[in-house]
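> Okay, handing you the structure first.
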Amino acid sequence: MNRKFFIAIFAFCAIAAAFVFAHGAFAQEQNAAGKYKIGDKGPGGGIVFYYSEAGFPVQDSDDASPVICHYLECSSEELGEMALCPCRWKRGWCYVNTTDGVGAGKLNTALITSYKHQELLRPSNCAAEACSQYSTNMTKKGEWYLPSKTELDLIYKNLVKMGIINNKVRHWSSSKDHYESVWSQDFSNGNQYDDGLSNEGIGFAVRAVRAF
């Protein structure tokens, strides 16, 4: 065999190896997307409660490009049995408009916490701030958020009803219904309530959520 033949064989093997490596890497990436099951411990230290193969958009602000995520995990602990309502949603001065849907809680939380409030926000007086300030050994502040109405319901259906979470009390969502009303959910029966928030002293439990 001459030198050109050996060079051709070598080139062919190199191309084949590169193809196999690339294909294998792609396959690993595809498989990684479905490696967590509902109830598993997530990479942020929370509990996985939702998976979408197609993915869903998540964004930090109105002008930020959405990031496609595939999972949601919630904090393994309550952030406060008596955490007050998000932004206190008080009549006459809090005009934040939030929405609903999978992934919507991230933008909702950013809108709430970035609003020019009349007082300093603290985890003790704002559920959205409590979630924004939450962190674990694997995550930092700002990665977690107050769940939307739909996300809160998914926690109930996939974790509470399955016995993975046992704290069956009322929880806040970040989704407003209208000017002075926001959605909450009772984890004892799954009912969602359209709560008027003119009474700033009202307080429910809070679970932080993280998308990845």
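Note on naming: chains are A, B, ... as they come in the structure tokens, residues start from 1 per chain, ligands start from 1 in the order shown.
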Glu73 (chain A): which residues within 12 Å, counting only C-alpha atoms, same-chain residues fewer than 3 positions away excluded, as a VMD selection string?

chain A and resid 36 to 51 69 to 70 76 to 77 102 to 103 143 to 147 151 to 152 154 to 155 158 to 159 207 to 212

> Could you save those same residues with N, CA, C and O atoms as a compact mmCIF listing (two decimals), in the first residue's frame?


```
# COMPACT_ATOMS: atom_id res chain seq x y z
N TYR A 36 -34.30 13.96 35.01
CA TYR A 36 -34.97 14.13 36.30
C TYR A 36 -36.42 13.68 36.23
O TYR A 36 -37.09 13.90 35.23
N LYS A 37 -36.89 13.09 37.30
CA LYS A 37 -38.28 12.68 37.41
C LYS A 37 -38.98 13.56 38.45
O LYS A 37 -38.33 14.16 39.30
N ILE A 38 -40.30 13.61 38.38
CA ILE A 38 -41.07 14.36 39.36
C ILE A 38 -40.77 13.80 40.75
O ILE A 38 -40.82 12.59 40.96
N GLY A 39 -40.43 14.68 41.67
CA GLY A 39 -40.10 14.26 43.02
C GLY A 39 -38.62 14.12 43.28
O GLY A 39 -38.20 14.01 44.44
N ASP A 40 -37.80 14.12 42.21
CA ASP A 40 -36.35 14.04 42.36
C ASP A 40 -35.80 15.32 42.98
O ASP A 40 -36.41 16.40 42.87
N LYS A 41 -34.63 15.22 43.58
CA LYS A 41 -33.91 16.42 44.02
C LYS A 41 -33.33 17.09 42.79
O LYS A 41 -32.64 16.46 41.99
N GLY A 42 -33.61 18.37 42.62
CA GLY A 42 -33.12 19.10 41.46
C GLY A 42 -31.71 19.60 41.64
O GLY A 42 -31.14 19.52 42.74
N PRO A 43 -31.09 20.12 40.59
CA PRO A 43 -29.71 20.60 40.66
C PRO A 43 -29.55 21.81 41.58
O PRO A 43 -28.45 22.13 42.02
N GLY A 44 -30.67 22.48 41.89
CA GLY A 44 -30.61 23.62 42.79
C GLY A 44 -30.89 23.25 44.24
O GLY A 44 -30.92 24.11 45.11
N GLY A 45 -31.12 21.96 44.49
CA GLY A 45 -31.42 21.50 45.84
C GLY A 45 -32.89 21.47 46.17
O GLY A 45 -33.27 21.13 47.30
N GLY A 46 -33.74 21.79 45.20
CA GLY A 46 -35.18 21.75 45.43
C GLY A 46 -35.79 20.43 45.01
O GLY A 46 -35.08 19.43 44.81
N ILE A 47 -37.12 20.41 44.84
CA ILE A 47 -37.85 19.21 44.44
C ILE A 47 -38.42 19.44 43.05
O ILE A 47 -39.19 20.38 42.84
N VAL A 48 -38.07 18.58 42.11
CA VAL A 48 -38.56 18.71 40.74
C VAL A 48 -40.06 18.41 40.70
O VAL A 48 -40.51 17.39 41.22
N PHE A 49 -40.83 19.33 40.10
CA PHE A 49 -42.28 19.12 40.05
C PHE A 49 -42.87 19.29 38.65
O PHE A 49 -44.07 19.13 38.46
N TYR A 50 -42.03 19.59 37.66
CA TYR A 50 -42.57 19.76 36.31
C TYR A 50 -41.47 19.53 35.29
O TYR A 50 -40.31 19.92 35.50
N TYR A 51 -41.84 18.87 34.18
CA TYR A 51 -40.91 18.65 33.06
C TYR A 51 -41.64 18.86 31.75
O TYR A 51 -42.76 18.40 31.57
N CYS A 69 -36.28 26.70 29.13
CA CYS A 69 -36.02 25.75 30.21
C CYS A 69 -36.92 24.53 30.05
O CYS A 69 -37.90 24.56 29.30
N HIS A 70 -36.58 23.46 30.74
CA HIS A 70 -37.34 22.22 30.62
C HIS A 70 -37.91 21.73 31.96
O HIS A 70 -38.79 20.86 31.97
N SER A 76 -37.39 23.05 48.98
CA SER A 76 -37.78 21.92 49.82
C SER A 76 -38.34 22.38 51.15
O SER A 76 -38.82 21.57 51.94
N GLU A 77 -38.29 23.68 51.40
CA GLU A 77 -38.79 24.24 52.65
C GLU A 77 -39.72 25.42 52.37
O GLU A 77 -39.66 26.04 51.32
N VAL A 102 -46.72 28.70 32.80
CA VAL A 102 -45.47 28.04 33.20
C VAL A 102 -44.30 28.94 32.81
O VAL A 102 -44.16 29.33 31.66
N GLY A 103 -43.46 29.26 33.77
CA GLY A 103 -42.32 30.14 33.54
C GLY A 103 -42.61 31.60 33.81
O GLY A 103 -41.69 32.41 33.91
N GLU A 143 -31.99 33.46 41.56
CA GLU A 143 -32.34 32.33 40.69
C GLU A 143 -33.75 31.82 40.96
O GLU A 143 -34.37 31.20 40.11
N TRP A 144 -34.24 32.07 42.16
CA TRP A 144 -35.55 31.56 42.56
C TRP A 144 -36.61 32.66 42.48
O TRP A 144 -36.29 33.83 42.55
N TYR A 145 -37.85 32.26 42.34
CA TYR A 145 -38.92 33.25 42.20
C TYR A 145 -40.24 32.75 42.79
O TYR A 145 -40.39 31.56 43.10
N LEU A 146 -41.17 33.68 42.94
CA LEU A 146 -42.50 33.35 43.42
C LEU A 146 -43.31 32.75 42.28
O LEU A 146 -43.45 33.38 41.22
N PRO A 147 -43.86 31.55 42.45
CA PRO A 147 -44.54 30.87 41.34
C PRO A 147 -45.79 31.58 40.86
O PRO A 147 -46.47 32.26 41.62
N GLU A 151 -48.02 27.55 38.02
CA GLU A 151 -46.88 26.85 38.63
C GLU A 151 -47.23 26.38 40.05
O GLU A 151 -46.85 25.28 40.46
N LEU A 152 -47.95 27.21 40.78
CA LEU A 152 -48.36 26.84 42.13
C LEU A 152 -49.29 25.63 42.09
O LEU A 152 -49.17 24.72 42.91
N LEU A 154 -49.27 23.32 39.82
CA LEU A 154 -48.47 22.15 39.47
C LEU A 154 -47.75 21.59 40.70
O LEU A 154 -47.58 20.37 40.82
N ILE A 155 -47.32 22.47 41.61
CA ILE A 155 -46.73 21.99 42.86
C ILE A 155 -47.76 21.18 43.64
O ILE A 155 -47.47 20.09 44.15
N ASN A 158 -48.59 17.77 41.56
CA ASN A 158 -47.51 16.81 41.37
C ASN A 158 -46.72 16.47 42.63
O ASN A 158 -46.02 15.45 42.66
N LEU A 159 -46.83 17.31 43.66
CA LEU A 159 -46.07 17.04 44.89
C LEU A 159 -46.97 16.87 46.11
O LEU A 159 -46.82 15.91 46.86
N ARG A 207 -43.55 29.14 48.70
CA ARG A 207 -42.57 28.20 48.15
C ARG A 207 -41.86 28.89 46.98
O ARG A 207 -42.50 29.41 46.07
N ALA A 208 -40.55 28.90 47.00
CA ALA A 208 -39.78 29.46 45.89
C ALA A 208 -39.66 28.44 44.77
O ALA A 208 -39.64 27.23 45.01
N VAL A 209 -39.57 28.93 43.53
CA VAL A 209 -39.47 28.06 42.35
C VAL A 209 -38.23 28.46 41.54
O VAL A 209 -37.86 29.63 41.50
N ARG A 210 -37.63 27.49 40.90
CA ARG A 210 -36.46 27.73 40.03
C ARG A 210 -36.65 26.95 38.74
O ARG A 210 -37.01 25.77 38.75
N ALA A 211 -36.41 27.61 37.61
CA ALA A 211 -36.50 26.96 36.30
C ALA A 211 -35.10 26.62 35.81
O ALA A 211 -34.15 27.36 36.04
N PHE A 212 -34.98 25.47 35.13
CA PHE A 212 -33.68 25.08 34.57
C PHE A 212 -33.88 24.18 33.38
O PHE A 212 -34.98 23.75 33.10
```

> Of the candidates A:Thr99, A:Ser65, A:Gln185, A:Thr113, which one gets nearest to Ala130 (chain A) if we count only C-alpha atoms?

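Nearest candidate to Ala130 (chain A) out of A:Thr99, A:Ser65, A:Gln185, A:Thr113: A:Thr113.
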
> So, counting only C-alpha atoms, which residue among A:Trp172, A:Tyr193, A:Tyr134, A:Trp183 is closest to Arg122 (chain A)?

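Using only C-alpha atoms, Arg122 (chain A) sits closest to A:Tyr134.
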
> Mind listing the strand (DSSP E or B) residues of region 29-212 of chain A, per DSSP on the backbone, as a count of residues only?

50

> So what do you get for CA of Ser181 (chain A) versus CA of Lys141 (chain A), distance-wise?

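Distance between the two atoms: 27.3 Å.
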
> Would you kindly return, as a list in words, each protein, DNA or RNA residue with an atom no farther than 12 Å from any atom of Ser188 (chain A), considering only C-alpha atoms and excluding same-chain residues fewer than 5 positions away?

Tyr156, Lys157, Val160, Lys161, Gly163, Ile165, Asn166, Asn167, Lys168, Val169, Arg170 and His171 of chain A

> I'd like the contact shell of Asp177 (chain A) - 10 Å cut-off, only C-alpha atoms, skipping same-chain residues fewer than 3 positions apart - returned as a VMD selection string.

chain A and resid 97 to 100 149 174 180 to 183 193 to 196

> Rounded to one decimal in Å, what is the spacing between CA of Cys74 (chain A) and CA of Leu121 (chain A)?

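Value for the CA of Cys74 (chain A)-CA of Leu121 (chain A) distance: 22.1 Å.
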